[in-house]
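Working notes, beginning with the structure itself.
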Amino acid sequence: MPRKDLVAASSRPLLLGILAEGENYGYAIIQRVKELSGGTLQWTDGMLYPVLHRLEKEGLIASEWKTPEGERRRKYYRLASPGKRALTEERAEWESVNGTLEKLWNLRRRAHCPA
Amino acid sequence: MKPFELENAIASWRAQWVASEGVSRETVAELEEHLREQVDGLRTSGLPEEEAFLLARRRLGDSGALDEEFCQVAPGIAWRRRLFWMVVGYLGISVLLMLAHSIAYGSAVAGLFRLGSTYQLSVDSFWFVGCQLLALLVVGGLGYGAFRLVRNGKILAIAVFSLFVLLRAGDHLKGILVAQRLSTTEYGLLAFHSSLAGTVVQVVLLVVLLAGLIWCGRSVRNPA
């Protein structure tokens, strides 16, 4: 399980990205995180909700209580337009960081094992 | 040993949020839905009900830490809630004092005490003071019982506020009636003894409030 601050920093793009796939609710979002990370990212279930509420307060996502056919009444979240823009920005930032690190580690590897 | 009851367990989980500062009722409902769904999921994979609930509750996380997180998201809520309870507390104590005072006053006017013919302490003076303290205790106990029964803050606030207004109006009315019914000397004597009883009650109240501050203050979290 990665460091606390990494998990915290990645929660925004992760949540925005999952909601970009379609509207969803708390419990299912946590399952999706587990699924995507192959079990390495295990959030404390309750901690998801303050993050969701903060995103909603910033206007990036919107919520609605719904009762789908044959299921229980839940609070569903969906991505709002400012959220879509924020997601694009987050993605750009993470890709730039990731790209830099990848270059560094690929170079290192090639230096140690000359082809 | 009592058999495990899921609804009771969830109800007592829910009850711990009553005192929380930053968490709205809607959020508690959202967390409860999550808890129930988690319990269902665990039971489907074979866990017995009690284990499923305990695990689900543990996964949801420590309520104290969660409360702090929610407070940070919406700090306004916490302060509004504190102000609300401060005002209810003020109104509640005023109602308590006014009721006790009215009971004692009423008993004196109705002739239960003969408050002596001079501005000096008589045996009846002590009975008068005792009557007010007793009334304070009884009314305080009833109030506490009502508070425990009515867990809804809004209903409590409306009830306390209405009582406050009624008693204030009654106080003024009483002043007029008593001044009309009693002779000047009798009124003066009653006022003297009433102010004496009032002093004793204030001292008792100070001690009780200080004790209350210390006892409740031990569990108060300082705002981050």
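Identifiers in this document derive from the order of the structure tokens: chains are assigned A, B, ..., residues are numbered from 1 separately in each chain, and ligands are numbered from 1 in order of occurrence.
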Next on the checklist: Can you tell me, as a VMD selection string, which residues in region 17-81 of chain A count as helix (DSSP H, G or I) by DSSP?
Outcome noted: chain A and resid 17 to 20 26 to 37 45 to 57 81
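Neighbouring residues of Gly39 (chain A) at 12 Å or closer, counting only C-alpha atoms and skipping chain neighbours under 6 positions away, are Met1, Pro2, Ile30, Gln31, Arg32 and Val33 of chain A.
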Let's have the selection written as a PDB file, in the first residue's frame, with C-alpha atoms.
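Just written: part-v1.pdb:
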ATOM      1  CA  MET A   1       0.000   0.000   0.000  1.00  0.00           C
ATOM      2  CA  PRO A   2       1.597   3.305  -1.107  1.00  0.00           C
ATOM      3  CA  ILE A  30     -14.634   1.778  -3.465  1.00  0.00           C
ATOM      4  CA  GLN A  31     -15.032  -1.621  -5.123  1.00  0.00           C
ATOM      5  CA  ARG A  32     -13.938  -0.078  -8.435  1.00  0.00           C
ATOM      6  CA  VAL A  33     -10.832   1.400  -6.800  1.00  0.00           C
TER       7      VAL A  33
END
Please build the interface table for region 39-65 of chain A against region 50-63 of chain B with a cut-off of 8 Å, listing for each qualifying residue the nearest atom pair and the distance in Å to one decimal; count only C-alpha atoms, order rows by chain and increasing number, and write it as a Markdown table.
| residue | atom | partner | partner_atom | distance |
| --- | --- | --- | --- | --- |
| A:Thr44 | CA | B:Arg59 | CA | 5.9 |
| A:Asp45 | CA | B:Leu60 | CA | 4.7 |
| A:Gly46 | CA | B:Leu60 | CA | 4.5 |
| A:Met47 | CA | B:Gly61 | CA | 7.5 |
Which residues of chain B have any atom within 9 Å of an atom in chain A when counting only C-alpha atoms, and what is the closest pair of atoms for each, with the distance in Å to one decimal? Order the rows by chain and rising number and write it as a Markdown table.
| residue | atom | partner | partner_atom | distance |
| --- | --- | --- | --- | --- |
| B:Thr27 | CA | A:Tyr49 | CA | 8.4 |
| B:Glu30 | CA | A:Lys75 | CA | 6.7 |
| B:Leu31 | CA | A:Gly46 | CA | 7.3 |
| B:Glu33 | CA | A:Arg74 | CA | 6.9 |
| B:His34 | CA | A:Tyr27 | CA | 5.8 |
| B:Leu35 | CA | A:Tyr27 | CA | 8.8 |
| B:Glu37 | CA | A:Tyr27 | CA | 7.3 |
| B:Gln38 | CA | A:Tyr27 | CA | 7.6 |
| B:Arg58 | CA | A:Thr44 | CA | 8.9 |
| B:Arg59 | CA | A:Asp45 | CA | 5.8 |
| B:Leu60 | CA | A:Gly46 | CA | 4.5 |
| B:Gly61 | CA | A:Gly46 | CA | 5.6 |
| B:Asp62 | CA | A:Gly46 | CA | 8.3 |
| B:Ser63 | CA | A:Gly46 | CA | 8.6 |
| B:Ala65 | CA | A:Met47 | CA | 8.9 |
| B:Leu66 | CA | A:Met47 | CA | 6.6 |
| B:Glu69 | CA | A:Pro50 | CA | 6.2 |
| B:Phe70 | CA | A:Pro50 | CA | 5.4 |
| B:Cys71 | CA | A:Pro50 | CA | 8.9 |
| B:Gln72 | CA | A:Pro50 | CA | 8.6 |
| B:Val73 | CA | A:Arg54 | CA | 5.7 |
| B:Ala74 | CA | A:Arg54 | CA | 8.3 |
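Summary of the local environment: counting only C-alpha atoms, residues at most 10 Å from Gly89 (chain B), other than itself and those fewer than 5 positions away along its chain, are Leu83, Phe84, Ser94, Val95, Ala157 and Val160 of chain B.
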Please produce an output containing all heavy atoms for each residue in the selection, written as a tab-separated table (two decimals), in the first residue's frame.
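Output contents, as saved in part_17.tsv:
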chain	number	residue	atom	x	y	z
B	83	LEU	N	-23.39	26.96	18.25
B	83	LEU	CA	-24.16	28.13	18.62
B	83	LEU	C	-25.59	27.72	18.98
B	83	LEU	O	-26.15	28.19	19.97
B	83	LEU	CB	-24.19	29.14	17.46
B	83	LEU	CG	-24.82	30.48	17.79
B	83	LEU	CD1	-23.97	31.21	18.79
B	83	LEU	CD2	-24.98	31.33	16.53
B	84	PHE	N	-26.15	26.81	18.18
B	84	PHE	CA	-27.50	26.33	18.42
B	84	PHE	C	-27.62	25.77	19.84
B	84	PHE	O	-28.50	26.16	20.60
B	84	PHE	CB	-27.83	25.24	17.40
B	84	PHE	CG	-29.14	24.57	17.62
B	84	PHE	CD1	-30.31	25.16	17.20
B	84	PHE	CD2	-29.22	23.34	18.26
B	84	PHE	CE1	-31.54	24.55	17.39
B	84	PHE	CE2	-30.44	22.72	18.46
B	84	PHE	CZ	-31.61	23.32	18.03
B	94	SER	N	-32.65	29.29	31.78
B	94	SER	CA	-33.59	30.37	32.14
B	94	SER	C	-34.95	29.80	32.47
B	94	SER	O	-35.57	30.20	33.46
B	94	SER	CB	-33.73	31.36	30.98
B	94	SER	OG	-32.49	31.83	30.59
B	95	VAL	N	-35.43	28.86	31.67
B	95	VAL	CA	-36.73	28.23	31.91
B	95	VAL	C	-36.73	27.55	33.26
B	95	VAL	O	-37.67	27.69	34.06
B	95	VAL	CB	-37.06	27.22	30.78
B	95	VAL	CG1	-38.15	26.26	31.20
B	95	VAL	CG2	-37.47	27.94	29.53
B	157	ALA	N	-35.63	22.60	20.81
B	157	ALA	CA	-35.42	24.04	20.73
B	157	ALA	C	-36.75	24.78	20.72
B	157	ALA	O	-36.93	25.77	21.43
B	157	ALA	CB	-34.61	24.39	19.49
B	160	VAL	N	-38.41	24.54	24.24
B	160	VAL	CA	-37.72	25.39	25.22
B	160	VAL	C	-37.99	26.87	24.95
B	160	VAL	O	-38.23	27.66	25.86
B	160	VAL	CB	-36.21	25.09	25.21
B	160	VAL	CG1	-35.43	26.19	25.87
B	160	VAL	CG2	-35.94	23.77	25.90
Next on the checklist: With only C-alpha atoms as the counted atoms, please give the residues lying no more than 8 Å from region 102-106 of chain B, apart from itself and same-chain residues fewer than 3 positions off, as a PyMOL selection string.
Outcome noted: chain B and resi 98-99+109-110+128-129+131-132+135+171+194
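Take CA of Ala80 (chain A) and CA of Leu60 (chain A): the distance between them is 5.4 Å.
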